[in-house]
$ cat protein.cif   # mmCIF, C-alpha atoms
data_query
loop_
_atom_site.label_atom_id
_atom_site.label_comp_id
_atom_site.auth_asym_id
_atom_site.auth_seq_id
_atom_site.Cartn_x
_atom_site.Cartn_y
_atom_site.Cartn_z
CA MET A 4 202.68 22.08 63.65
CA THR A 5 203.41 18.79 61.81
CA ALA A 6 202.48 18.62 58.09
CA ARG A 7 200.47 15.75 56.51
CA ASN A 8 202.76 13.25 54.79
CA SER A 9 202.45 12.86 51.00
CA GLY A 10 202.26 9.11 51.03
CA GLY A 11 202.34 5.93 53.07
CA ALA A 12 200.33 4.84 56.05
CA ASP A 13 200.44 8.31 57.55
CA ASP A 14 198.36 9.80 54.69
CA ASP A 15 195.08 9.19 56.48
CA GLU A 16 196.22 10.65 59.79
CA GLU A 17 194.46 13.82 60.86
CA LEU A 18 196.47 16.93 61.35
CA ALA A 19 197.89 16.51 64.86
CA ALA A 20 199.27 19.18 67.15
CA SER A 21 202.58 18.68 68.85
CA PRO A 22 202.49 18.91 72.64
CA ASP A 23 205.24 21.53 72.39
CA ASP A 24 202.92 23.71 70.29
CA LEU A 25 200.09 23.58 72.82
CA ALA A 26 202.20 24.01 75.94
CA LEU A 27 202.30 27.40 77.67
CA PRO A 28 205.64 29.18 78.01
CA PRO A 29 207.55 28.04 81.10
CA GLU A 30 207.28 31.44 82.75
CA ARG A 31 203.45 31.20 82.57
CA MET A 32 203.15 27.50 83.34
CA ALA A 33 205.21 27.48 86.53
CA PRO A 34 202.99 29.84 88.51
CA LEU A 35 199.89 27.90 87.51
CA GLU A 36 201.31 24.58 88.65
CA GLU A 37 202.54 26.09 91.89
CA GLU A 38 199.24 27.81 92.68
CA PHE A 39 196.75 25.09 91.76
CA SER A 40 198.91 21.94 91.97
CA ILE A 41 197.09 20.37 88.96
CA GLU A 42 198.10 18.97 85.60
CA TYR A 43 196.35 19.31 82.23
CA ARG A 44 195.29 16.44 79.93
CA GLN A 45 196.13 17.41 76.36
CA ASP A 46 193.29 16.70 73.91
CA ALA A 47 192.93 18.32 70.46
CA ARG A 48 189.13 17.95 70.52
CA THR A 49 188.38 19.24 74.04
CA SER A 50 189.58 22.06 76.23
CA PRO A 51 192.07 21.27 78.96
CA SER A 52 190.47 19.88 82.09
CA PRO A 53 192.07 19.99 85.53
CA VAL A 54 192.97 16.65 87.06
CA PRO A 55 194.11 16.49 90.70
CA ARG A 56 197.56 15.05 91.16
CA PRO A 57 197.93 11.86 93.17
CA PRO A 58 199.04 12.54 96.77
CA GLU A 59 202.46 11.05 96.18
CA GLU A 60 203.09 13.43 93.29
CA ARG A 61 202.04 16.66 94.99
CA ALA A 62 204.73 19.14 95.97
CA PRO A 63 205.45 19.21 99.72
CA ALA A 64 203.88 22.00 101.71
CA PRO A 65 206.18 24.96 102.26
CA PRO A 66 207.84 25.14 105.69
CA ALA A 67 206.21 27.21 108.40
CA ALA A 68 207.21 30.85 108.39
CA TRP A 69 208.98 30.58 111.76
CA ARG A 70 211.47 28.03 110.41
CA LEU A 71 214.35 30.32 109.47
CA PHE A 72 216.84 27.45 109.28
CA ARG A 73 215.67 24.50 107.17
CA GLY A 74 218.77 22.32 107.00
CA ASP A 75 218.70 21.98 103.20
CA GLY A 76 221.92 23.82 102.41
CA VAL A 77 220.13 26.59 100.48
CA THR A 78 221.28 30.15 101.24
CA ARG A 79 218.42 32.52 102.04
CA ARG A 80 218.74 36.11 103.21
CA LEU A 81 215.80 36.31 105.58
CA PRO A 82 214.93 39.08 108.03
CA LEU A 83 215.52 37.92 111.59
CA PRO A 84 212.70 38.44 114.12
CA SER A 85 213.13 40.64 117.16
CA ALA A 86 214.98 39.09 120.09
CA PRO A 87 213.31 38.56 123.48
CA PRO A 88 213.51 41.63 125.71
CA TRP A 89 215.96 39.88 128.03
CA ARG A 90 218.29 39.00 125.10
CA ARG A 91 218.70 42.48 123.62
CA PHE A 92 222.01 44.28 123.81
CA GLY A 93 223.57 47.62 122.96
CA THR A 94 221.27 50.10 121.26
CA ALA A 95 218.50 47.49 121.01
CA ARG A 96 218.36 47.26 124.82
CA ALA A 97 218.62 51.03 125.23
CA GLY A 98 215.68 51.50 122.90
CA GLY A 99 213.49 49.08 124.82
CA ARG A 100 210.88 49.97 127.38
CA GLY A 101 212.85 51.11 130.39
CA GLY A 102 215.79 48.81 129.63
CA HIS A 103 214.78 46.17 132.18
CA PRO A 104 211.36 44.77 133.11
CA PRO A 105 210.18 45.25 136.70
CA TYR A 106 211.47 42.73 139.25
CA LEU A 107 208.61 41.10 141.10
CA VAL A 108 209.20 40.08 144.71
CA SER A 109 206.92 39.56 147.68
CA PRO A 110 206.69 42.26 150.40
CA HIS A 111 208.34 39.88 152.87
CA HIS A 112 211.39 39.40 150.65
CA ALA A 113 211.53 43.12 149.89
CA ASP A 114 211.70 43.79 153.64
CA VAL A 115 214.77 41.55 153.93
CA VAL A 116 216.44 43.56 151.16
CA ASN A 117 215.59 46.77 153.02
CA ALA A 118 217.13 45.38 156.20
CA ALA A 119 220.43 44.79 154.36
CA LEU A 120 220.30 48.33 152.95
CA HIS A 121 219.75 49.91 156.36
CA LEU A 122 222.44 47.79 158.04
CA ARG A 123 224.95 48.28 155.19
CA ARG A 124 225.50 44.53 155.20
CA PRO A 125 225.99 42.16 152.25
CA LEU A 126 222.79 40.42 151.15
CA LEU A 127 223.32 36.67 150.71
CA VAL A 128 220.65 35.39 148.30
CA THR A 129 220.12 31.65 147.98
CA GLY A 130 217.70 29.55 145.98
CA GLN A 131 217.35 27.21 143.01
CA PRO A 132 218.64 28.28 139.58
CA GLY A 133 216.21 30.54 137.77
CA THR A 134 214.55 32.08 140.83
CA GLY A 135 215.91 35.56 140.05
CA LYS A 136 218.86 35.80 142.43
CA SER A 137 221.18 37.67 140.06
CA SER A 138 218.39 39.91 138.75
CA LEU A 139 217.77 41.21 142.26
CA ALA A 140 220.95 43.30 142.13
CA GLN A 141 219.81 44.96 138.91
CA ALA A 142 216.38 45.61 140.42
CA VAL A 143 217.89 47.36 143.45
CA ALA A 144 220.20 49.47 141.28
CA GLN A 145 217.34 50.47 139.00
CA GLU A 146 214.82 51.34 141.71
CA LEU A 147 217.33 53.32 143.80
CA ASP A 148 219.03 54.93 140.77
CA LEU A 149 222.48 53.66 141.73
CA GLY A 150 223.84 53.26 138.24
CA GLU A 151 225.30 50.24 136.50
CA VAL A 152 225.76 47.02 138.44
CA LEU A 153 229.37 45.94 138.99
CA ARG A 154 229.47 42.17 138.46
CA TRP A 155 232.01 39.71 139.81
CA SER A 156 231.32 36.21 138.45
CA VAL A 157 233.11 33.79 140.77
CA ASN A 158 234.72 30.54 139.63
CA SER A 159 237.16 28.04 141.14
CA ARG A 160 240.16 30.24 140.21
CA SER A 161 238.79 33.55 141.50
CA THR A 162 240.73 35.51 144.12
CA VAL A 163 240.00 38.65 146.12
CA GLN A 164 243.16 40.20 144.66
CA GLU A 165 241.86 40.15 141.08
CA ALA A 166 238.48 41.46 142.23
CA LEU A 167 240.22 44.44 143.84
CA TYR A 168 242.71 45.43 141.13
CA ARG A 169 245.11 44.18 138.48
CA TYR A 170 248.64 45.39 137.83
CA ASP A 171 250.57 44.82 134.60
CA ALA A 172 254.13 44.82 135.97
CA VAL A 173 255.65 43.35 132.80
CA GLY A 174 253.99 45.95 130.60
CA ARG A 175 255.20 48.77 132.84
CA LEU A 176 258.79 47.48 132.78
CA ARG A 177 258.76 47.25 128.99
CA GLU A 178 257.28 50.72 128.48
CA THR A 179 259.63 52.28 131.05
CA THR A 180 262.69 50.78 129.34
CA MET A 181 261.54 51.99 125.92
CA SER A 182 260.86 55.48 127.27
CA ARG A 183 264.33 55.74 128.82
CA ASP A 184 266.00 54.57 125.63
CA ARG A 185 264.16 57.22 123.63
CA GLY A 186 264.67 59.99 126.17
CA ARG A 187 260.98 60.34 127.00
CA PRO A 188 259.32 60.66 130.41
CA GLU A 189 258.44 57.40 132.13
CA PRO A 190 254.74 56.41 131.91
CA ASP A 191 252.64 56.84 135.02
CA ILE A 192 252.21 53.68 137.07
CA GLY A 193 248.46 54.21 137.25
CA SER A 194 248.10 53.55 133.53
CA PHE A 195 249.20 49.95 134.12
CA MET A 196 246.52 49.29 136.73
CA ARG A 197 242.78 48.80 136.66
CA LEU A 198 240.43 48.37 139.57
CA GLY A 199 238.25 45.25 139.51
CA PRO A 200 234.55 45.07 140.37
CA LEU A 201 235.13 44.92 144.14
CA GLY A 202 237.77 47.65 144.02
CA THR A 203 235.54 49.90 141.90
CA ALA A 204 232.66 49.39 144.33
CA LEU A 205 234.84 50.72 147.18
CA VAL A 206 235.86 53.93 145.38
CA PRO A 207 234.51 56.87 147.43
CA GLY A 208 231.57 58.70 145.92
CA PRO A 209 228.36 60.53 146.81
CA ARG A 210 226.22 57.43 146.40
CA PRO A 211 227.06 53.75 146.93
CA ARG A 212 227.67 51.37 144.06
CA VAL A 213 225.88 48.06 143.55
CA LEU A 214 228.16 45.01 143.48
CA LEU A 215 226.92 41.56 142.43
CA VAL A 216 229.10 38.68 143.65
CA ASP A 217 227.60 35.94 141.53
CA GLU A 218 227.75 32.27 142.63
CA LEU A 219 230.20 32.64 145.49
CA ASP A 220 229.77 28.95 146.30
CA LYS A 221 231.73 28.08 143.13
CA GLY A 222 234.86 29.76 144.49
CA ASP A 223 237.68 28.44 146.62
CA VAL A 224 236.76 27.34 150.14
CA ASP A 225 238.83 30.19 151.63
CA LEU A 226 237.33 32.92 149.45
CA PRO A 227 234.51 33.89 151.88
CA ASN A 228 237.03 34.30 154.71
CA ASP A 229 239.23 36.45 152.46
CA LEU A 230 236.30 38.79 151.94
CA LEU A 231 235.63 39.31 155.66
CA THR A 232 238.28 41.99 156.20
CA ILE A 233 237.24 43.91 153.09
CA PHE A 234 233.58 43.88 154.10
CA GLU A 235 234.35 44.90 157.68
CA GLU A 236 236.79 47.71 156.95
CA GLY A 237 235.46 48.96 153.61
CA GLU A 238 238.97 49.64 152.31
CA PHE A 239 242.01 47.95 150.81
CA GLU A 240 245.64 48.74 150.02
CA ILE A 241 247.52 48.68 146.72
CA PRO A 242 251.11 47.88 147.78
CA GLU A 243 252.61 48.96 144.46
CA LEU A 244 251.28 52.47 145.07
CA SER A 245 251.98 52.54 148.81
CA ARG A 246 255.71 52.13 148.12
CA LEU A 247 255.61 55.26 145.95
CA SER A 248 253.47 57.33 148.32
CA ASP A 249 256.27 59.83 149.08
CA GLU A 250 257.04 60.41 145.41
CA GLN A 251 253.45 60.17 144.15
CA PRO A 252 250.94 60.63 146.96
CA GLU A 253 248.04 60.65 144.47
CA VAL A 254 247.73 58.34 141.49
CA ARG A 255 244.88 58.14 139.01
CA VAL A 256 243.82 54.55 138.37
CA PRO A 257 241.19 53.47 135.80
CA THR A 258 238.13 51.76 137.24
CA LEU A 259 236.00 49.02 135.78
CA ARG A 260 233.71 51.63 134.25
CA ILE A 261 234.64 53.16 130.91
CA ASP A 262 236.21 56.63 131.01
CA GLU A 263 236.29 56.73 134.82
CA GLN A 264 239.37 57.10 137.01
CA ALA A 265 239.77 56.93 140.76
CA ILE A 266 242.25 59.05 142.71
CA VAL A 267 244.15 56.68 145.01
CA VAL A 268 245.76 58.53 147.93
CA ARG A 269 248.90 56.94 149.37
CA GLY A 270 247.99 53.57 147.96
CA ARG A 271 244.69 53.15 149.82
CA VAL A 272 241.10 52.99 148.56
CA MET A 273 238.40 53.64 151.17
CA CYS A 274 234.68 53.99 150.53
CA ASP A 275 232.51 56.80 151.86
CA GLU A 276 229.37 54.66 151.64
CA PHE A 277 229.55 50.87 151.89
CA PRO A 278 228.39 49.46 148.52
CA VAL A 279 225.16 47.54 148.08
CA VAL A 280 226.57 44.00 147.91
CA VAL A 281 224.36 41.18 146.62
CA ILE A 282 225.93 37.72 146.91
CA THR A 283 224.25 34.77 145.22
CA SER A 284 224.65 31.09 145.99
CA ASN A 285 223.09 27.95 144.53
CA GLY A 286 223.64 26.09 147.80
CA GLU A 287 226.41 23.87 146.46
CA ARG A 288 228.33 24.16 149.76
CA ASP A 289 228.15 25.82 153.18
CA PHE A 290 229.84 29.06 154.20
CA PRO A 291 231.82 29.69 157.41
CA PRO A 292 229.77 30.92 160.40
CA ALA A 293 231.88 34.09 160.64
CA PHE A 294 230.95 34.97 157.07
CA LEU A 295 227.26 34.20 157.54
CA ARG A 296 227.18 36.37 160.67
CA ARG A 297 228.15 39.39 158.59
CA CYS A 298 225.45 38.84 155.94
CA VAL A 299 221.71 39.28 155.78
CA ARG A 300 220.23 36.10 154.32
CA LEU A 301 217.40 35.86 151.81
CA GLU A 302 215.97 32.58 150.51
CA LEU A 303 214.05 32.92 147.23
CA PRO A 304 211.55 30.08 146.69
CA PRO A 305 210.40 28.98 143.22
CA PRO A 306 207.55 31.22 142.03
CA ASP A 307 204.01 29.84 142.23
CA GLU A 308 201.47 29.93 139.39
CA GLU A 309 200.19 33.40 140.23
CA ARG A 310 203.67 34.89 140.32
CA LEU A 311 204.63 33.08 137.11
CA ARG A 312 201.71 34.76 135.32
CA ALA A 313 202.82 38.11 136.72
CA ILE A 314 206.39 37.49 135.50
CA VAL A 315 205.18 36.64 132.00
CA THR A 316 203.10 39.83 131.93
CA ALA A 317 206.02 41.94 133.15
CA HIS A 318 208.36 40.64 130.46
CA LEU A 319 206.06 40.06 127.48
CA GLY A 320 202.88 42.03 128.15
CA GLU A 321 199.32 40.99 128.93
CA ASP A 322 198.70 39.67 125.41
CA ALA A 323 201.15 36.84 126.08
CA LEU A 324 198.84 35.42 128.76
CA ARG A 325 196.43 34.27 126.04
CA GLU A 326 198.93 31.63 124.96
CA VAL A 327 200.29 30.66 128.36
CA ASP A 328 197.80 28.23 129.95
CA ASP A 329 198.99 24.95 128.42
CA LEU A 330 202.65 25.98 128.61
CA LEU A 331 202.26 27.00 132.24
CA GLN A 332 200.66 23.69 133.18
CA ALA A 333 203.39 21.77 131.34
CA PHE A 334 206.02 23.83 133.17
CA LEU A 335 204.46 23.19 136.57
CA ARG A 336 204.16 19.45 135.88
CA ARG A 337 207.79 19.14 134.91
CA ARG A 338 209.22 21.47 137.52
CA ALA A 339 211.06 19.95 140.43
CA PRO A 340 213.83 21.35 142.63
CA GLY A 341 216.71 22.18 140.33
CA GLU A 342 214.95 20.84 137.23
CA LEU A 343 213.47 23.92 135.50
CA ALA A 344 214.05 27.67 135.65
CA THR A 345 211.56 30.49 135.21
CA ASP A 346 213.32 31.87 132.16
CA GLN A 347 212.63 28.58 130.36
CA LEU A 348 208.92 29.28 130.67
CA LEU A 349 209.50 32.79 129.33
CA ASN A 350 211.37 31.30 126.37
CA ALA A 351 208.46 28.97 125.57
CA VAL A 352 205.86 31.75 125.83
CA PHE A 353 207.96 34.06 123.66
CA LEU A 354 208.29 31.40 120.95
CA ARG A 355 204.56 30.64 121.07
CA SER A 356 203.63 34.32 120.77
CA GLY A 357 205.99 34.61 117.79
CA GLY A 358 204.18 31.88 115.87
CA VAL A 359 206.54 29.00 116.62
CA ASP A 360 204.84 25.59 116.66
CA LEU A 361 205.87 24.23 120.04
CA ASP A 362 203.92 21.05 119.33
CA ALA A 363 206.57 20.06 116.79
CA ASP A 364 208.44 16.89 117.74
CA GLY A 365 210.84 17.50 120.60
CA LEU A 366 210.68 21.31 120.50
CA LEU A 367 208.93 21.79 123.83
CA ASP A 368 211.28 19.25 125.41
CA ALA A 369 214.24 21.23 124.05
CA VAL A 370 212.95 24.46 125.57
CA LEU A 371 211.82 22.99 128.91
CA HIS A 372 214.82 20.75 129.41
CA ARG A 373 215.94 19.72 132.87
CA LEU A 374 218.90 21.52 134.38
CA SER A 375 220.39 18.69 136.43
CA GLY A 376 221.91 15.37 135.51
CA THR A 377 224.13 14.30 132.63
CA VAL A 378 223.64 16.11 129.33
#
$ encode --input "protein.cif" --output "structure tokens"
Amino acid sequence: MTARNSGGADDDEELAASPDDLALPPERMAPLEEEFSIEYRQDARTSPSPVPRPPEERAPAPPAAWRLFRGDGVTRRLPLPSAPPWRRFGTARAGGRGGHPPYLVSPHHADVVNAALHLRRPLLVTGQPGTGKSSLAQAVAQELDLGEVLRWSVNSRSTVQEALYRYDAVGRLRETTMSRDRGRPEPDIGSFMRLGPLGTALVPGPRPRVLLVDELDKGDVDLPNDLLTIFEEGEFEIPELSRLSDEQPEVRVPTLRIDEQAIVVRGRVMCDEFPVVVITSNGERDFPPAFLRRCVRLELPPPDEERLRAIVTAHLGEDALREVDDLLQAFLRRRAPGELATDQLLNAVFLRSGGVDLDADGLLDAVLHRLSGTV
């Protein structure tokens, strides 16, 4: 409080209260301003009255809850939402419902798959990106209980040799020299080898393995011809072990699967049951007639509206269909051969069901972006 002066022009002034004396403590004032967004007019003769703040002075609305990253440089430890079912790994995937959603395919296409299974022939699956070519191998393995899919992702440098096995000759020479110098037994040659996805698929066993040869059309032009002998004979030779067959007729070699070893007899690996081979191609180039003759071909068309709804239900549940109509129509309008993939629609529906505002500027375009052309 300010005291009345003893003399001068201020003698007639009434006792006035300092604004600091009337103000609430900061810890009480801040919540009020944040909750009501008002200011108080100080008047000694009247009680405080709320006055709305001008629009330009009001605090900005807080960001939507789905915006985890705000781009303001402020560190926040926020709980992350659950990932989509198809982007869960490790224990999160194991704890999901069945691990993988059901694979939906028409009866006609399923019959083509069955023909390849009965004939023990590779299944060559073609179609636009996002039509489910690679997922077909997982679906066959899951429905027939054939275990984990062995995957060989082909690129321009891929060779049949590396798909069959790899041999670390330099590592063996170094370890052998060190063992001799220290008077220890030489390490077994099998510990310096590992079978690749194709080699592991040909290891004899009670049930066939499932091998996915993904995007074979990205490989070298001679790669399909190199596979012909392997597919016809169902066996291959490891020369490094064949030369030691008299000294070591049986060698244990690690496979692509963890904690599994194959017994290689006299340097040869021969399957008991030809593996279930699914080969995918995006149609970037043609294959030799001799290779095509040994395959059963399956063309997967883009899914129509009815199948798209069924796919959304299979991955995200029936509740997701409530939010799918406008997204589905936008997807169908934008889709053209090679332009959009089905998983892009699933991404959009998942974001919408999680509360993400897909109407925000550019967000839907970012999710449903075209797959061809310059990026």
$ residues_around --input "protein.cif" --residues "Val254 in chain A" --least-positions-apart "2" --cutoff "7 Å" --atoms "all atoms listed in the file" --output "PDB file with C-alpha atoms, keeping the file's coordinate frame"
ATOM      1  CA  GLY A 193     248.460  54.210 137.250  1.00  0.00           C
ATOM      2  CA  GLN A 251     253.450  60.170 144.150  1.00  0.00           C
ATOM      3  CA  PRO A 252     250.940  60.630 146.960  1.00  0.00           C
ATOM      4  CA  VAL A 256     243.820  54.550 138.370  1.00  0.00           C
ATOM      5  CA  ILE A 266     242.250  59.050 142.710  1.00  0.00           C
ATOM      6  CA  VAL A 267     244.150  56.680 145.010  1.00  0.00           C
ATOM      7  CA  VAL A 268     245.760  58.530 147.930  1.00  0.00           C
TER       8      VAL A 268
END
$ atom_distance --input "protein.cif" --atom1 "CA of Ala166 in chain A" --atom2 "CA of Leu201 in chain A"
5.2 Å
$ resolve_selection --input "protein.cif" --expression "the PyMOL selection byres ((chain A and resi 355-370) around 12)" --output "PyMOL selection string"
chain A and resi 66-71+83-87+315+319-331+333-334+337+343-354+371-374+378
$ residues_around --input "protein.cif" --residues "Gly135 in chain A" --least-positions-apart "3" --cutoff "10 Å" --atoms "all atoms listed in the file" --output "list in words"
Tyr106, Leu107, Val108, Val128, Thr129, Gly130, Gln131, Pro132, Ser138, Leu139, Ala140, Thr283, Leu303, Pro304, Pro305, Pro306, Ala344, Thr345 and Asp346 of chain A
$ resolve_selection --input "protein.cif" --expression "the PyMOL selection byres ((chain A and resi 237) around 9)" --output "VMD selection string"
chain A and resid 205 232 to 236 238 to 239 272 to 278
$ atom_distance --input "protein.cif" --atom1 "CA of Ala293 in chain A" --atom2 "CA of Val224 in chain A"
13.4 Å
